[in-house]
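Here is input.txt, consisting of compact mmCIF, C-alpha atoms:
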# COMPACT_ATOMS: atom_id res chain seq x y z
CA MET A 1 0.00 0.00 0.00
CA PRO A 2 1.06 3.64 -0.34
CA LEU A 3 3.95 5.36 1.40
CA VAL A 4 3.60 8.81 2.98
CA VAL A 5 6.88 10.60 3.70
CA PHE A 6 6.89 13.56 6.09
CA CYS A 7 9.66 16.11 5.70
CA GLY A 8 10.64 19.17 7.71
CA LEU A 9 12.81 20.61 10.43
CA PRO A 10 12.19 20.01 14.14
CA TYR A 11 9.22 21.81 15.72
CA SER A 12 7.44 22.10 12.37
CA GLY A 13 4.52 19.85 13.40
CA LYS A 14 5.42 16.68 11.48
CA SER A 15 4.47 14.27 14.25
CA ARG A 16 1.12 15.97 14.86
CA ARG A 17 0.31 16.01 11.17
CA ALA A 18 1.32 12.35 10.87
CA GLU A 19 -0.94 11.47 13.77
CA GLN A 20 -3.82 13.40 12.21
CA LEU A 21 -3.36 11.48 8.97
CA ARG A 22 -3.10 8.16 10.82
CA VAL A 23 -6.34 8.82 12.72
CA ALA A 24 -8.17 9.87 9.55
CA LEU A 25 -7.06 6.79 7.58
CA ALA A 26 -7.70 4.43 10.50
CA ALA A 27 -11.23 5.81 10.79
CA GLU A 28 -11.80 4.61 7.22
CA GLY A 29 -10.80 1.08 8.21
CA ARG A 30 -7.34 1.16 6.66
CA ALA A 31 -4.34 -0.44 8.32
CA VAL A 32 -1.70 2.21 9.01
CA SER A 33 1.89 1.75 10.18
CA VAL A 34 3.92 4.71 11.50
CA VAL A 35 7.72 4.62 11.39
CA ASP A 36 9.60 7.33 13.27
CA ASP A 37 12.92 7.91 15.01
CA ALA A 38 11.59 6.77 18.37
CA ALA A 39 10.35 3.47 16.91
CA VAL A 40 13.83 2.73 15.55
CA LEU A 41 15.98 4.11 18.38
CA GLY A 42 13.66 3.18 21.24
CA ALA A 43 13.46 6.85 22.28
CA GLU A 44 13.81 10.10 20.35
CA ASP A 45 17.42 11.27 20.53
CA PRO A 46 18.21 14.59 18.79
CA THR A 47 21.96 14.11 19.34
CA VAL A 48 21.91 11.51 16.55
CA TYR A 49 21.76 14.34 14.00
CA GLY A 50 24.96 15.79 15.41
CA ASP A 51 26.95 12.63 14.61
CA SER A 52 27.22 11.75 10.92
CA ALA A 53 27.94 8.07 11.57
CA ARG A 54 24.96 7.63 13.91
CA GLU A 55 22.71 9.60 11.57
CA LYS A 56 23.72 7.38 8.65
CA ALA A 57 22.89 4.30 10.72
CA LEU A 58 19.53 5.86 11.64
CA ARG A 59 18.66 6.48 8.01
CA GLY A 60 19.54 2.89 7.19
CA ALA A 61 17.34 1.63 10.02
CA LEU A 62 14.44 3.84 8.91
CA ARG A 63 14.80 2.63 5.34
CA ALA A 64 14.84 -1.02 6.45
CA ALA A 65 11.79 -0.50 8.68
CA VAL A 66 9.85 1.08 5.80
CA GLU A 67 10.91 -1.69 3.41
CA ARG A 68 9.70 -4.38 5.83
CA ARG A 69 6.29 -2.73 6.20
CA LEU A 70 5.64 -1.88 2.56
CA SER A 71 2.93 -4.21 1.33
CA ARG A 72 -0.36 -4.17 -0.53
CA GLN A 73 -2.37 -4.03 2.68
CA ASP A 74 -0.91 -1.32 4.94
CA VAL A 75 -0.34 2.41 4.55
CA VAL A 76 3.15 3.31 5.79
CA ILE A 77 3.82 6.77 7.25
CA LEU A 78 7.45 7.80 7.73
CA ASP A 79 7.69 10.55 10.34
CA SER A 80 11.25 11.87 10.39
CA LEU A 81 13.28 14.87 9.21
CA ASN A 82 14.00 13.33 5.78
CA TYR A 83 15.90 16.47 4.84
CA ILE A 84 18.35 14.79 2.42
CA LYS A 85 17.05 14.49 -1.12
CA GLY A 86 19.23 11.42 -1.72
CA PHE A 87 17.45 9.61 1.10
CA ARG A 88 14.06 10.66 -0.27
CA TYR A 89 15.13 9.21 -3.62
CA GLU A 90 15.92 5.89 -1.90
CA LEU A 91 12.42 5.89 -0.42
CA TYR A 92 11.03 6.62 -3.89
CA CYS A 93 12.92 3.59 -5.23
CA LEU A 94 11.46 1.44 -2.44
CA ALA A 95 7.94 2.47 -3.43
CA ARG A 96 8.77 1.90 -7.08
CA ALA A 97 10.09 -1.58 -6.34
CA ALA A 98 6.97 -2.38 -4.29
CA ARG A 99 4.82 -0.91 -7.11
CA THR A 100 2.90 1.31 -4.73
CA PRO A 101 2.18 5.08 -4.85
CA LEU A 102 3.80 7.56 -2.51
CA CYS A 103 3.47 11.24 -1.62
CA LEU A 104 5.53 13.79 0.30
CA VAL A 105 4.16 16.08 3.02
CA TYR A 106 6.43 19.06 3.68
CA CYS A 107 5.89 20.84 7.01
CA VAL A 108 7.36 24.33 7.39
CA LEU A 109 7.08 27.22 9.83
CA PRO A 110 5.44 30.44 8.61
CA GLY A 111 7.90 33.32 8.22
CA SER A 112 10.65 31.45 10.06
CA LEU A 113 13.94 33.18 9.38
CA ASN A 114 16.10 31.34 11.88
CA ARG A 115 14.55 27.89 12.01
CA GLY A 116 14.47 26.57 8.48
CA PRO A 117 13.42 27.41 4.94
CA ARG A 118 11.47 30.65 4.70
CA VAL A 119 7.88 30.50 3.51
CA ASP A 120 6.34 33.92 3.13
CA THR A 121 2.71 34.21 4.04
CA GLU A 122 0.26 36.94 3.10
CA ASP A 123 0.96 38.93 6.28
CA SER A 124 4.72 38.55 6.37
CA ARG A 125 5.60 39.72 2.88
CA HIS A 126 5.60 43.41 3.88
CA LEU A 127 6.84 42.96 7.45
CA ASN A 128 10.21 41.87 8.72
CA VAL A 129 8.93 39.31 11.18
CA SER A 130 11.22 37.03 13.13
CA VAL A 131 9.35 34.17 14.72
CA SER A 132 10.78 31.36 16.78
CA TRP A 133 8.69 28.36 17.77
CA GLN A 134 11.32 26.78 19.95
CA PRO A 135 10.64 27.32 23.67
CA ARG A 136 13.82 28.65 25.12
CA ALA A 137 15.25 31.25 27.48
CA GLU A 138 18.04 32.32 25.18
CA GLU A 139 18.10 34.02 21.79
CA GLY A 140 21.21 33.67 19.65
CA GLY A 141 23.03 31.95 22.47
CA ARG A 142 22.66 34.95 24.89
CA PRO A 143 20.17 35.20 27.76
CA LEU A 144 17.23 37.47 27.09
CA ALA A 145 17.20 40.68 29.05
CA ALA A 146 14.96 40.86 32.07
CA GLY A 147 11.64 42.50 31.33
CA SER A 148 11.60 41.33 27.71
CA ARG A 149 8.13 40.71 26.34
CA VAL A 150 7.34 37.02 25.95
CA LEU A 151 4.38 35.75 23.92
CA LYS A 152 2.94 32.65 25.54
CA GLY A 153 1.30 30.53 22.89
CA PRO A 154 1.98 28.42 19.85
CA GLN A 155 2.24 31.43 17.55
CA ALA A 156 5.59 32.79 18.70
CA VAL A 157 8.04 33.05 21.51
CA ASP A 158 9.73 36.23 20.28
CA SER A 159 8.11 38.47 17.66
CA VAL A 160 9.71 41.63 16.33
CA VAL A 161 8.34 43.73 13.47
CA ASN A 162 10.78 46.14 11.81
CA GLY A 163 12.88 46.20 14.95
CA ARG A 164 10.00 47.19 17.24
CA ALA A 165 7.43 45.35 19.26
CA GLN A 166 4.50 44.23 17.15
CA ALA A 167 1.52 46.53 17.44
CA GLY A 168 -0.92 43.65 17.52
CA VAL A 169 0.40 42.28 20.82
CA PRO A 170 -2.47 41.99 23.30
CA LYS A 171 -2.41 44.69 25.95
CA GLU A 172 -2.98 42.24 28.76
CA LEU A 173 0.52 40.81 28.20
CA GLU A 174 2.60 42.84 30.61
CA PRO A 175 6.43 42.78 30.70
CA GLU A 176 7.69 40.14 33.05
CA GLU A 177 10.85 38.34 33.96
CA THR A 178 11.90 36.13 31.06
CA GLU A 179 11.85 32.42 31.70
CA ALA A 180 11.69 29.31 29.54
CA PRO A 181 8.04 28.63 28.65
CA ASP A 182 6.69 25.24 29.50
CA LEU A 183 6.50 22.80 26.59
CA THR A 184 2.90 22.04 27.44
CA ALA A 185 2.03 25.69 26.82
CA LEU A 186 2.76 25.18 23.15
CA VAL A 187 0.22 22.36 22.75
CA THR A 188 -3.24 23.53 21.81
CA PRO A 189 -6.34 21.55 22.83
CA GLU A 190 -6.98 20.62 19.19
CA PHE A 191 -3.62 18.91 18.91
CA GLU A 192 -4.04 17.22 22.25
CA LYS A 193 -7.07 15.50 20.81
CA SER A 194 -5.48 14.58 17.47
CA ALA A 195 -2.03 13.56 18.69
CA SER A 196 -1.38 10.66 20.97
CA HIS A 197 2.03 12.00 21.87
CA VAL A 198 3.98 15.24 21.69
CA PRO A 199 7.71 14.99 21.00
CA SER A 200 9.59 15.90 24.14
CA ALA A 201 13.07 15.94 22.61
CA PHE A 202 14.93 19.23 22.82
CA TYR A 203 17.12 20.32 19.92
CA PRO A 204 19.97 22.68 20.91
CA ASN A 205 20.29 25.94 19.00
CA GLU A 206 23.58 24.85 17.43
CA LEU A 207 22.03 21.65 16.12
CA LEU A 208 19.01 23.50 14.73
CA GLU A 209 21.27 25.91 12.89
CA ALA A 210 23.30 23.01 11.47
CA LEU A 211 20.16 21.20 10.32
CA THR A 212 18.92 24.40 8.71
CA LEU A 213 22.13 24.72 6.71
CA ARG A 214 22.05 21.06 5.66
CA PHE A 215 18.35 21.04 4.79
CA GLU A 216 17.52 20.21 1.17
CA ALA A 217 13.99 21.45 0.58
CA PRO A 218 11.69 19.28 -1.58
CA ASP A 219 11.07 20.34 -5.15
CA SER A 220 7.94 19.16 -6.96
CA ARG A 221 9.92 19.14 -10.23
CA ASN A 222 11.78 16.08 -8.93
CA ARG A 223 9.90 12.86 -9.51
CA TRP A 224 10.84 11.58 -6.06
CA ASP A 225 9.33 14.69 -4.41
CA ARG A 226 5.92 14.56 -6.00
CA PRO A 227 3.09 14.68 -5.40
CA LEU A 228 4.17 17.32 -2.87
CA PHE A 229 1.90 18.80 -0.20
CA THR A 230 3.31 21.83 1.64
CA LEU A 231 1.77 22.71 5.00
CA VAL A 232 2.63 26.13 6.42
CA GLY A 233 2.20 26.27 10.17
CA LEU A 234 -0.16 24.27 12.31
CA GLU A 235 -3.36 26.18 11.59
CA GLU A 236 -3.57 25.15 7.93
CA PRO A 237 -5.91 22.15 7.58
CA LEU A 238 -4.52 18.84 6.41
CA PRO A 239 -5.52 18.27 2.73
CA LEU A 240 -7.00 14.84 3.36
CA ALA A 241 -8.95 14.66 0.10
CA GLU A 242 -5.87 15.44 -2.02
CA ILE A 243 -3.71 13.01 -0.05
CA ARG A 244 -6.30 10.24 -0.46
CA ALA A 245 -6.41 10.85 -4.20
CA ALA A 246 -2.61 10.74 -4.43
CA LEU A 247 -2.39 7.52 -2.43
CA PHE A 248 -5.34 5.50 -3.67
CA GLU A 249 -6.20 6.89 -7.10
CA ASN A 250 -2.79 7.53 -8.65
CA ARG A 251 -0.82 4.85 -10.41
CA ALA A 252 2.33 3.51 -8.83
CA PRO A 253 5.64 4.67 -10.35
CA PRO A 254 6.58 2.38 -13.24
CA PRO A 255 9.38 0.00 -12.25
CA HIS A 256 12.85 0.45 -13.71
CA GLN A 257 15.30 -2.32 -14.39
CA SER A 258 17.20 -1.44 -11.19
CA THR A 259 14.07 -1.98 -9.07
CA GLN A 260 12.74 -5.11 -10.80
CA SER A 261 13.34 -8.59 -9.49
CA GLN A 262 15.60 -10.68 -11.67
CA PRO A 263 13.89 -13.57 -13.47
CA LEU A 264 14.28 -16.94 -11.89
CA ALA A 265 17.19 -19.00 -13.15
CA SER A 266 18.25 -22.51 -12.35
CA GLY A 267 21.29 -23.09 -10.18
CA SER A 268 23.11 -24.64 -13.14
CA PHE A 269 22.45 -21.77 -15.56
CA LEU A 270 25.94 -20.26 -15.31
CA HIS A 271 27.54 -23.71 -15.52
CA GLN A 272 25.62 -24.56 -18.70
CA LEU A 273 26.41 -21.14 -20.16
CA ASP A 274 30.12 -21.71 -19.58
CA GLN A 275 30.06 -25.22 -21.06
CA VAL A 276 28.07 -24.24 -24.19
CA THR A 277 30.27 -21.27 -25.05
CA ARG A 278 33.44 -23.36 -24.57
CA GLN A 279 32.08 -26.01 -26.93
CA VAL A 280 31.24 -23.37 -29.56
CA LEU A 281 34.76 -21.94 -29.44
CA ALA A 282 36.32 -25.37 -29.72
CA GLY A 283 34.08 -26.21 -32.69
CA LEU A 284 34.97 -22.94 -34.48
CA MET A 285 38.72 -23.45 -34.00
CA GLU A 286 38.41 -26.93 -35.47
CA ALA A 287 36.13 -25.91 -38.37
CA GLN A 288 38.34 -23.04 -39.57
CA LYS A 289 41.31 -25.40 -40.09
CA SER A 290 39.84 -26.67 -43.36
CA ALA A 291 37.91 -23.51 -44.34
CA VAL A 292 38.77 -20.84 -46.89
CA PRO A 293 37.57 -17.22 -46.84
CA GLY A 294 33.93 -17.06 -47.90
CA ASP A 295 32.92 -20.40 -46.38
CA LEU A 296 30.19 -20.73 -43.73
CA LEU A 297 31.41 -22.37 -40.54
CA LYS A 298 28.76 -24.86 -39.46
CA LEU A 299 28.63 -26.58 -36.09
CA PRO A 300 26.58 -29.70 -35.30
CA GLY A 301 23.30 -29.02 -33.50
CA ILE A 302 23.40 -25.25 -34.22
CA THR A 303 21.24 -23.58 -36.86
CA GLU A 304 23.26 -20.37 -36.97
CA HIS A 305 26.37 -20.14 -39.19
CA LEU A 306 29.46 -17.96 -39.06
CA LEU A 307 30.92 -16.44 -42.24
CA PHE A 308 34.65 -17.18 -42.37
CA THR A 309 36.59 -14.17 -43.68
CA ARG A 310 39.92 -14.48 -41.87
CA PRO A 311 41.62 -16.77 -39.37
CA LEU A 312 40.32 -16.31 -35.82
CA THR A 313 42.55 -16.51 -32.78
CA MET A 314 41.57 -18.09 -29.49
CA ALA A 315 42.42 -14.86 -27.63
CA GLU A 316 39.97 -12.86 -29.75
CA LEU A 317 37.21 -15.44 -29.39
CA SER A 318 37.80 -15.74 -25.63
CA ARG A 319 37.44 -11.96 -25.22
CA LEU A 320 34.09 -12.03 -27.05
CA ARG A 321 33.05 -15.04 -25.00
CA ARG A 322 33.66 -13.15 -21.73
CA GLN A 323 31.61 -10.21 -23.00
CA PHE A 324 28.73 -12.51 -23.94
CA ILE A 325 28.79 -14.23 -20.54
CA SER A 326 28.82 -10.89 -18.69
CA TYR A 327 25.79 -9.68 -20.61
CA THR A 328 23.89 -12.96 -20.30
CA LYS A 329 24.44 -13.08 -16.51
CA MET A 330 22.57 -9.79 -16.21
CA HIS A 331 19.50 -11.32 -17.90
CA PRO A 332 19.35 -14.96 -16.85
CA ASN A 333 16.38 -16.89 -18.14
CA ASN A 334 15.79 -20.62 -18.18
CA GLU A 335 13.84 -20.30 -21.43
CA ASN A 336 17.05 -19.31 -23.22
CA LEU A 337 18.98 -22.45 -22.28
CA PRO A 338 18.22 -24.40 -25.51
CA GLN A 339 19.15 -21.35 -27.62
CA LEU A 340 22.40 -20.40 -25.88
CA ALA A 341 24.63 -21.83 -28.62
CA ASN A 342 22.68 -20.09 -31.40
CA MET A 343 22.65 -16.82 -29.45
CA PHE A 344 26.41 -16.99 -28.87
CA LEU A 345 27.18 -17.74 -32.52
CA GLN A 346 24.92 -14.88 -33.61
CA TYR A 347 26.74 -12.57 -31.16
CA LEU A 348 30.09 -13.64 -32.62
CA SER A 349 28.88 -13.03 -36.17
CA GLN A 350 27.77 -9.47 -35.31
CA SER A 351 30.92 -8.67 -33.35
CA LEU A 352 33.41 -9.97 -35.91
CA HIS A 353 31.88 -8.40 -39.01
Let me see the file written as structure tokens.
Amino acid sequence: MPLVVFCGLPYSGKSRRAEQLRVALAAEGRAVSVVDDAAVLGAEDPTVYGDSAREKALRGALRAAVERRLSRQDVVILDSLNYIKGFRYELYCLARAARTPLCLVYCVLPGSLNRGPRVDTEDSRHLNVSVSWQPRAEEGGRPLAAGSRVLKGPQAVDSVVNGRAQAGVPKELEPEETEAPDLTALVTPEFEKSASHVPSAFYPNELLEALTLRFEAPDSRNRWDRPLFTLVGLEEPLPLAEIRAALFENRAPPPHQSTQSQPLASGSFLHQLDQVTRQVLAGLMEAQKSAVPGDLLKLPGITEHLLFTRPLTMAELSRLRRQFISYTKMHPNNENLPQLANMFLQYLSQSLH
């Protein structure tokens, strides 16, 4: 069944959106499997993304978990950063090999200048708004000054418009001593109902900045990034109808040769291929001893003939034999066993003339 890949930086709402999608699909009676960092590591550990070796192992574990769950019965949701386009291409190849559709859901923060790719909204195009969704007591690595205005809510922690306090700040918010807001203050009642869990992992500022620099945003022009659904903020509704159409009405990506299973071949296929080609070479070396240029070299049991134009050396024939074996090993097929000798002689005729 289809694969849904969530993509985005930390604190962009991926887990909540994934849970919303899981609940909606489960309500329709569909079997849904969710794969995330916590399911692979046992517990969410942001420090993995600060170590390239551990992060590579995590991506491999996520890929293996998705591959095990891909089937024609379950919908698989991958809830992780998935910020490397090469990894998203590997997931695309998995879906292609399983012959199942997939889609990408890209979660971003509105007007976020410091926490990921910028997405300008209608209100932020004419205002220089700096919004941070990460609950913290420091900005830029320095403690905030006492008496700084703090917005308590999921919209922003610090909001500055053109270098001054935003005029739309409610009057009842009085200046107070700055302290780290509670994580639970950022969870609205709607998300408490739709999400069974809220990620409790804390990403340091240095790691967030590094992830922002390494982030490779999805592009719908890439076949492995489409169909692409971009969700700005947490207030935008999840496009369930469009996602359903992409998952259950679209055709699966057509398989390529690299993602197709090789045809079944007997265990003795390579042995028979080696024996037949050796016998053909031996027969040609013997037949050309009594042949003159212009004769057709005929071998017993083979319908194909080879036009004799010049003496052939064993070294030249052996080189062509190795090329034929290398090509035939890539396309093994038991149906070709009776025709191996004819195919090899035809290959020789085309290569020599």
Counting all atoms listed in the file, the residue of A:Leu9, A:Ala38, A:Leu58, A:Leu25 that sits nearest A:Arg244
A:Leu25
Between atom CA of A:Gly13 and atom CA of A:Glu235, what is the spacing in Å?
10.3 Å
To one decimal in Å, tell me the separation between atom CA of A:Ser220 and atom CA of A:Val32.
25.2 Å
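With only C-alpha atoms as the atoms that count, the minimum distance from A:Glu236 to the choices A:Val108, A:Val48, A:Ala341, A:Leu91 is reached by A:Val108.
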Nearest-residue call for A:Ala210, choices A:Phe6, A:Pro237, A:Gln346, A:Tyr49, using all atoms listed in the file:
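Of the candidates, the smallest distance to A:Ala210 is held by A:Tyr49.
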Pairwise distance for atom CA of A:Gly294 and atom CA of A:Ser318, rounded to one decimal in Å:
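Computing it gives 22.6 Å between the two atoms.
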Residues within 8 Å of A:Pro2, all atoms listed in the file, excluding chain neighbours under 3 positions, as a list in words:
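Non-adjacent residues within range: Leu70, Arg72, Asp74, Val75, Val76, Ala95, Thr100, Pro101, Leu102, Leu247 and Phe248 of chain A.
Compared by their closest atoms to A:Ile325, and using all atoms listed in the file, the residues A:Arg221, A:Lys85, A:Arg310, A:Arg278 rank with A:Arg278 nearest.
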For A:Gln279, which residue among A:Gln339, A:Pro300, A:Arg59, A:Pro293 is the nearest when counting only C-alpha atoms?
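Of A:Gln339, A:Pro300, A:Arg59, A:Pro293, the one nearest A:Gln279, counting only C-alpha atoms, is A:Pro300.
With distances taken over all atoms listed in the file, A:Gln288 is the one residue among A:Ser80, A:Gln288, A:Ser33, A:Thr212 lying closest to A:Leu312.
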Set the distance at 12 Å and use all atoms listed in the file: which residues neighbour A:Leu231 once local chain neighbours fewer than 3 positions away are removed? I'd like the list as an mmCIF file with C-alpha atoms, in the coordinates of the input.
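Heads up, here's the output in result_1.cif:
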data_model
loop_
_atom_site.group_PDB
_atom_site.id
_atom_site.type_symbol
_atom_site.label_atom_id
_atom_site.label_comp_id
_atom_site.auth_asym_id
_atom_site.auth_seq_id
_atom_site.Cartn_x
_atom_site.Cartn_y
_atom_site.Cartn_z
ATOM 1 C CA PHE A 6 6.890 13.560 6.090
ATOM 2 C CA CYS A 7 9.660 16.110 5.700
ATOM 3 C CA GLY A 8 10.640 19.170 7.710
ATOM 4 C CA SER A 12 7.440 22.100 12.370
ATOM 5 C CA GLY A 13 4.520 19.850 13.400
ATOM 6 C CA LYS A 14 5.420 16.680 11.480
ATOM 7 C CA ARG A 16 1.120 15.970 14.860
ATOM 8 C CA ARG A 17 0.310 16.010 11.170
ATOM 9 C CA ALA A 18 1.320 12.350 10.870
ATOM 10 C CA LEU A 104 5.530 13.790 0.300
ATOM 11 C CA VAL A 105 4.160 16.080 3.020
ATOM 12 C CA TYR A 106 6.430 19.060 3.680
ATOM 13 C CA CYS A 107 5.890 20.840 7.010
ATOM 14 C CA VAL A 108 7.360 24.330 7.390
ATOM 15 C CA LEU A 109 7.080 27.220 9.830
ATOM 16 C CA PRO A 110 5.440 30.440 8.610
ATOM 17 C CA VAL A 119 7.880 30.500 3.510
ATOM 18 C CA THR A 121 2.710 34.210 4.040
ATOM 19 C CA LEU A 228 4.170 17.320 -2.870
ATOM 20 C CA LEU A 234 -0.160 24.270 12.310
ATOM 21 C CA GLU A 235 -3.360 26.180 11.590
ATOM 22 C CA GLU A 236 -3.570 25.150 7.930
ATOM 23 C CA PRO A 237 -5.910 22.150 7.580
ATOM 24 C CA LEU A 238 -4.520 18.840 6.410
ATOM 25 C CA PRO A 239 -5.520 18.270 2.730
ATOM 26 C CA LEU A 240 -7.000 14.840 3.360
#
Completion of stretch 26-43 of chain A up to N, CA and C atoms, as a PDB file, keeping the file's coordinate frame:
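Final file, part02.pdb:
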ATOM      1  N   ALA A  26      -7.209   5.540   9.670  1.00  0.00           N
ATOM      2  CA  ALA A  26      -7.700   4.430  10.500  1.00  0.00           C
ATOM      3  C   ALA A  26      -9.205   4.481  10.662  1.00  0.00           C
ATOM      4  N   ALA A  27      -9.781   5.689  10.677  1.00  0.00           N
ATOM      5  CA  ALA A  27     -11.230   5.810  10.790  1.00  0.00           C
ATOM      6  C   ALA A  27     -11.941   5.259   9.558  1.00  0.00           C
ATOM      7  N   GLU A  28     -11.234   5.181   8.446  1.00  0.00           N
ATOM      8  CA  GLU A  28     -11.800   4.610   7.220  1.00  0.00           C
ATOM      9  C   GLU A  28     -11.606   3.095   7.156  1.00  0.00           C
ATOM     10  N   GLY A  29     -11.012   2.526   8.180  1.00  0.00           N
ATOM     11  CA  GLY A  29     -10.800   1.080   8.210  1.00  0.00           C
ATOM     12  C   GLY A  29      -9.530   0.622   7.543  1.00  0.00           C
ATOM     13  N   ARG A  30      -8.606   1.529   7.290  1.00  0.00           N
ATOM     14  CA  ARG A  30      -7.340   1.160   6.660  1.00  0.00           C
ATOM     15  C   ARG A  30      -6.294   0.861   7.714  1.00  0.00           C
ATOM     16  N   ALA A  31      -5.448  -0.116   7.429  1.00  0.00           N
ATOM     17  CA  ALA A  31      -4.340  -0.440   8.320  1.00  0.00           C
ATOM     18  C   ALA A  31      -3.192   0.532   8.068  1.00  0.00           C
ATOM     19  N   VAL A  32      -2.717   1.174   9.124  1.00  0.00           N
ATOM     20  CA  VAL A  32      -1.700   2.210   9.010  1.00  0.00           C
ATOM     21  C   VAL A  32      -0.534   1.864   9.924  1.00  0.00           C
ATOM     22  N   SER A  33       0.674   1.946   9.400  1.00  0.00           N
ATOM     23  CA  SER A  33       1.890   1.750  10.180  1.00  0.00           C
ATOM     24  C   SER A  33       2.683   3.054  10.171  1.00  0.00           C
ATOM     25  N   VAL A  34       3.146   3.480  11.349  1.00  0.00           N
ATOM     26  CA  VAL A  34       3.920   4.710  11.500  1.00  0.00           C
ATOM     27  C   VAL A  34       5.345   4.335  11.877  1.00  0.00           C
ATOM     28  N   VAL A  35       6.308   4.832  11.113  1.00  0.00           N
ATOM     29  CA  VAL A  35       7.720   4.620  11.390  1.00  0.00           C
ATOM     30  C   VAL A  35       8.340   5.971  11.712  1.00  0.00           C
ATOM     31  N   ASP A  36       8.960   6.078  12.884  1.00  0.00           N
ATOM     32  CA  ASP A  36       9.600   7.330  13.270  1.00  0.00           C
ATOM     33  C   ASP A  36      10.923   7.027  13.973  1.00  0.00           C
ATOM     34  N   ASP A  37      11.622   8.089  14.370  1.00  0.00           N
ATOM     35  CA  ASP A  37      12.920   7.910  15.010  1.00  0.00           C
ATOM     36  C   ASP A  37      12.805   7.133  16.310  1.00  0.00           C
ATOM     37  N   ALA A  38      11.763   7.434  17.083  1.00  0.00           N
ATOM     38  CA  ALA A  38      11.590   6.770  18.370  1.00  0.00           C
ATOM     39  C   ALA A  38      11.347   5.276  18.195  1.00  0.00           C
ATOM     40  N   ALA A  39      10.615   4.902  17.137  1.00  0.00           N
ATOM     41  CA  ALA A  39      10.350   3.470  16.910  1.00  0.00           C
ATOM     42  C   ALA A  39      11.616   2.714  16.566  1.00  0.00           C
ATOM     43  N   VAL A  40      12.582   3.387  15.945  1.00  0.00           N
ATOM     44  CA  VAL A  40      13.830   2.730  15.550  1.00  0.00           C
ATOM     45  C   VAL A  40      14.859   2.785  16.673  1.00  0.00           C
ATOM     46  N   LEU A  41      14.964   3.944  17.337  1.00  0.00           N
ATOM     47  CA  LEU A  41      15.980   4.110  18.380  1.00  0.00           C
ATOM     48  C   LEU A  41      15.503   3.667  19.754  1.00  0.00           C
ATOM     49  N   GLY A  42      14.198   3.480  19.922  1.00  0.00           N
ATOM     50  CA  GLY A  42      13.660   3.180  21.240  1.00  0.00           C
ATOM     51  C   GLY A  42      13.202   4.420  21.967  1.00  0.00           C
ATOM     52  N   ALA A  43      13.828   5.553  21.718  1.00  0.00           N
ATOM     53  CA  ALA A  43      13.460   6.850  22.280  1.00  0.00           C
ATOM     54  C   ALA A  43      14.040   7.914  21.369  1.00  0.00           C
TER      55      ALA A  43
END
